[in-house]
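Read through the structure below, which is laid out as structure tokens, and then see the notes.
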Amino acid sequence: MKKYIIALLTVSSMMLIPTASSLQAQNQPIVVTDAKNGRVATEVFGRHSNFNAPRLSPDGSKIVFQLANNGENYIAWLDIQKKGARPNIIAKAGVIRDVGDREIFAWRWVGNETIVVSATGLDRVFDGRVGIISRLIAYDTKGGKPRPLAWQGALGNASNILHIDHEKEEIMVQRQELDSRLNEVINIDVKSGKYSNVQNVNADVDSWFADHNGFLRGGVGNSRGGTAKTLYRSSDKGPMKAISKVKDESFTTGSLTPILFLDEPDMAYTLSNHEGYAAVYKVNLATQELLEKVYGTEGYDVRGVIPNVTNNDIIGYRLFNGRNYVKYIDQTAREIEALFTHNFGKNNTTIISRSEDAKHMIIAVAKPSQRDTYYYYNDNTVKFKLLGYENSILKNTELNPVEAVDYKASDGMKIQAIITYPRHRTHRKNLPVIVMPHGGPFGVTDSVRFDQWAQSMAEQGYVVIQPNYRGSGGYGPEFVKEGRKPNGYGHRMQDDLNDAVAWFAKIGLIDSNRACIMGWSYGGYAAGRGAQRDPDLWKCAIAGAGIYDFPKMKSFDTRQFGSFGANFQATADDLISISTARHTDGPWAPILIVAAKEDARIPMEQSRILVSNLKKSGKVEGQDYKYIVQEDGTHNLPYEDVHIEWLDEAGKWAQRFNPAYIDSDPDKQKPIAIRSTGVGSSLASK
């Protein structure tokens, strides 16, 4: 440990990644923050990350990462061992607006010179209809044009990389084959773009898997009725044999799929929740026999494992206890973590990328109230370098504190909620609240972390409560099943949100008469359902990209609300009863409805139907509801301007119907939001 303590004292003060000031054009206003004396302006929370997801090349000499400049995202690489090196932009990350557009969502190295990115987009491939596709593109850092990888003959998803061979500069890829619409496996040479067949399509397989040596070993298929079938072979050759067939109508268990192969024949690690919570087990794949439990925690699911550089053993576990964190078992990783823990606190350090010899690392450090700060560590020099900040405006400023708190629902079930406390309030008693249900809904989880939306509303003076209502992930399969019962969707799951208000009002944290509900996607549905079903509870509702008419949505998305949906909504009457757009005549809480015009997941028609029916029921626009259509918006709020608009309009709607500061508050004077009108200019009140 001694050398690591010395290393901390030699952290470079020079960032390798440009700050906001150097990235912004001189005439482009930037937002600044005085954390002690003022409130961070809302637009800061809607901005893209300046520096995000850096990945080391195998030799540790370069990184590839995403950066933002003037509201646009780019993919760039940097020689971190070259003094004075500047980022080299290889591609605009882009967003999907129209047919032919591409949005980059992942990047990695193949060898030390080639960057392969995954891009999604819209194309006319499904019988002439527009559909979402994903593709791979190779970029050579030594020059040359971008190279599409195996696009010809592909249909939907052609970007699932199963194995990377850095020495040969080849990747094994699963892709949806054009004619059959099933998944085949190919090998691609990223330098030439040439590819060859590894595995033909199989009607029983949705997802293939390979071992750490690059051999295809099997696949798993899931029917819409919940039957999971596994094919497997013990070596790199020979036919695939069916080794298991599991019926799981709740879609919570599934088959024993390998997450990491061992060097022992047929042995792998897998995640299984058969004992109540997901844990890591050793499994004999040939017999499907679970052997010893390798690691598990009581009351929470293990989220995954961290493999070593050769992908044949574990160096750590991805865990959850209300917060996602990592437990390292590798000695070097533990020493690095211990060093940062001493200075930054427990569970605030994550090693996010390593070189093949594990002597070079990128480490992300952040408390739940901070954005990530990235460091580069070189074991050869025993030094750390500050790479940059995820948000170069906030840097490592500690904002609103976050913690996980359990509460009891009205039926006695324990629910965990993530609470973000407003740091500028002088007290934590009888405060206004924003309840913010997550999207999904099933299997998704909010956790103790820096959440841009929760931080934005807390910065304005609200307590933000994010209930992990029944159906959420991380708490075992039985908890998910509770949300999928016939009285779950739109009923008991909604009660969990109401019960959060009652519980935290009872302990004195919030005032139940000062509550609003806000969410996007399923959270948008829950906000709309709250406005319609429980108008006396909510002072206002803020609903983005929600489903409001389930029968209409079922005709649009037969998979989600067809045979799968039948597992949690038994009859058509149930779909009608939970459809807020079918019940607009009664009293409603004032609702802000935000729709994304380019939303490919939940069509804008859903919002349009709700607004039309509200009008027919005599609701007054501007008073009972407000409707905003984001012309460039998609389901994922990709642009800075639409993201900022969402947060800004949400704040205004909440302040109108549920002001954060009122005369009876002991701290009724709210802090001022401050900004600069340009680089280097003086501060002005907002």
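In the structure tokens, each chain is lettered A, B, ... as it comes, each chain's residues begin at 1, and ligands are numbered from 1 in order of appearance.
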
Closest pair table for segment 344-450 of chain A residues within 10 Å of segment 289-311 of chain A, only C-alpha atoms, as CSV:
residue,atom,partner,partner_atom,distance
A:Ile351,CA,A:Ile306,CA,9.8
A:Ile352,CA,A:Ile306,CA,9.8
A:Ser353,CA,A:Val309,CA,9.9
A:Arg354,CA,A:Val309,CA,7.6
A:Ser355,CA,A:Val309,CA,7.6
A:Glu356,CA,A:Val309,CA,5.6
A:Asp357,CA,A:Val309,CA,7.4
A:Ala358,CA,A:Val309,CA,7.0

Go ahead and save the picked residues with N, CA, C and O atoms, as a compact mmCIF listing (two decimals), in the first residue's frame.
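Heads up, here's the output in selection_4.txt:
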# COMPACT_ATOMS: atom_id res chain seq x y z
N ILE A 351 -13.25 0.84 -11.00
CA ILE A 351 -12.29 0.66 -12.10
C ILE A 351 -13.10 0.33 -13.33
O ILE A 351 -13.75 -0.72 -13.40
N ILE A 352 -13.09 1.22 -14.30
CA ILE A 352 -14.00 1.03 -15.43
C ILE A 352 -13.32 0.52 -16.70
O ILE A 352 -14.00 0.09 -17.63
N SER A 353 -11.98 0.56 -16.74
CA SER A 353 -11.29 0.04 -17.92
C SER A 353 -9.85 -0.28 -17.53
O SER A 353 -9.24 0.41 -16.72
N ARG A 354 -9.33 -1.38 -18.13
CA ARG A 354 -7.96 -1.81 -17.84
C ARG A 354 -7.27 -2.24 -19.13
O ARG A 354 -7.91 -2.68 -20.08
N SER A 355 -5.94 -2.11 -19.14
CA SER A 355 -5.16 -2.64 -20.25
C SER A 355 -5.05 -4.14 -20.11
O SER A 355 -5.40 -4.72 -19.07
N GLU A 356 -4.54 -4.80 -21.14
CA GLU A 356 -4.45 -6.26 -21.10
C GLU A 356 -3.50 -6.76 -20.02
O GLU A 356 -3.71 -7.84 -19.45
N ASP A 357 -2.45 -5.99 -19.71
CA ASP A 357 -1.54 -6.41 -18.65
C ASP A 357 -1.98 -5.91 -17.27
O ASP A 357 -1.30 -6.13 -16.27
N ALA A 358 -3.15 -5.21 -17.23
CA ALA A 358 -3.73 -4.70 -15.98
C ALA A 358 -2.84 -3.70 -15.27
O ALA A 358 -3.06 -3.39 -14.10

Lys327 of chain A environment, 10 Å, only C-alpha atoms, sequence neighbours closer than 2 positions dropped, as an NGL selection string: :A and (305-306 or 315-319 or 325 or 329-330 or 333-334 or 337 or 347 or 350)

Please give the complete set of residues from segment 377-542 of chain A that DSSP, run on the backbone, assigns to alpha helix (DSSP H), formatted as a PyMOL selection string. chain A and resi 452-459+477-484+493-506+522-533

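Ranking A:Lys615, A:His360, A:His643, A:Arg608 by their shortest atom-to-atom distance to Gly60 of chain A, with only C-alpha atoms included, puts A:His360 first.
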
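Proximity ranking of A:Gly388, A:Gly121, A:Gly111, A:Gly461 relative to Val40 of chain A places A:Gly461 first, based on only C-alpha atoms.
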
Counting only C-alpha atoms, which of A:Arg108, A:Gly84, A:Gly544, A:Ser577 gets nearest to Lys597 of chain A? A:Gly544

Would you list the contacts of Phe550 of chain A as an MDAnalysis selection string, taking every protein, DNA or RNA residue within 10 Å and counting only C-alpha atoms, but skipping same-chain residues closer than 5 positions in sequence? chainID A and resid 555:557 561 572 574:582 606

Within 9 Å of Tyr232 of chain A, counting only C-alpha atoms, which residues show up once you throw out same-chain ones fewer than 5 positions away? Write them as a ChimeraX atom specification, please. /A:217-220,239-243,285-286

Expected file: the selected residues, C-alpha atoms, as a CSV table (one decimal), in the first residue's frame:
chain,number,residue,atom,x,y,z
A,217,ARG,CA,-20.4,-22.8,-27.3
A,218,GLY,CA,-24.2,-22.4,-27.3
A,219,GLY,CA,-27.3,-20.3,-27.3
A,220,VAL,CA,-30.6,-19.5,-25.5
A,239,PRO,CA,-23.4,-30.2,-33.0
A,240,MET,CA,-25.3,-28.1,-30.5
A,241,LYS,CA,-27.5,-30.2,-28.2
A,242,ALA,CA,-30.6,-29.1,-26.3
A,243,ILE,CA,-29.7,-29.4,-22.6
A,285,LEU,CA,-23.2,-26.6,-18.5
A,286,ALA,CA,-23.2,-30.1,-19.9

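By only C-alpha atoms, and with residues fewer than 2 positions from Arg601 of chain A along its chain excluded, the set lying at most 12 Å from it is Gly131, Ile132, Gly440, Ser521, Tyr522, Ala545, Gly546, Ile547, Met553, Phe556, Asp557, Gln560, Ala595, Ala596, Lys597, Glu598, Asp599, Pro603, Met604, Glu605, Gln606, Gly633, Thr634, His635 and Asn636 of chain A.
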
Residue set, segment 174-243 of chain A restricted to strand (DSSP E), as a ChimeraX atom specification: /A:174-176,183-189,195-199,207-210,216-222,227-232,241-243

Can you pull out the residues contacting segment 171-182 of chain A? Cut-off 10 Å, using only C-alpha atoms, and skip same-chain residues under 3 positions away; I want them as a PyMOL selection string. chain A and resi 110+116+125-126+133-136+149-166+168+185-190+195-210+214-216

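Atom CA of Arg492 of chain A sits 28.1 Å away from atom CA of Ala279 of chain A.
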
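Using only C-alpha atoms, the nearest neighbour of Gly586 of chain A within the list A:Ser617, A:Thr42, A:Ser607, A:Ser192 is A:Ser617.
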
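Between Glu631 of chain A and the candidates A:Leu431, A:Glu645, A:Leu614, A:Gly46, the tightest atom-to-atom separation, counting only C-alpha atoms, involves A:Glu645.
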
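If you measure from each of A:Pro146, A:Pro54, A:Gly651, A:Gly622 to Tyr374 of chain A using only C-alpha atoms, the closest one turns out to be A:Pro54.
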
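Between atom CA of Ile672 of chain A and atom CA of Phe504 of chain A the separation is 27.7 Å.
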
Using only C-alpha atoms, find each residue in segment 454-544 of chain A having at least one atom no more than 12 Å away from segment 251-268 of chain A; report its shortest atom-to-atom pair and that distance in Å (one decimal), rows by chain then rising number, as CSV.
residue,atom,partner,partner_atom,distance
A:Gly471,CA,A:Thr252,CA,10.5
A:Ser472,CA,A:Thr252,CA,11.5
A:Gly473,CA,A:Thr252,CA,9.9
A:Gly474,CA,A:Thr252,CA,11.5
A:Tyr475,CA,A:Thr252,CA,11.5
A:Gly476,CA,A:Thr252,CA,8.7
A:Pro477,CA,A:Thr252,CA,5.5
A:Glu478,CA,A:Thr252,CA,8.4
A:Phe479,CA,A:Thr252,CA,9.9
A:Val480,CA,A:Thr252,CA,7.4
A:Lys481,CA,A:Thr252,CA,7.8
A:Glu482,CA,A:Thr252,CA,11.4
A:Gly483,CA,A:Thr252,CA,11.8
A:Arg484,CA,A:Phe251,CA,10.0
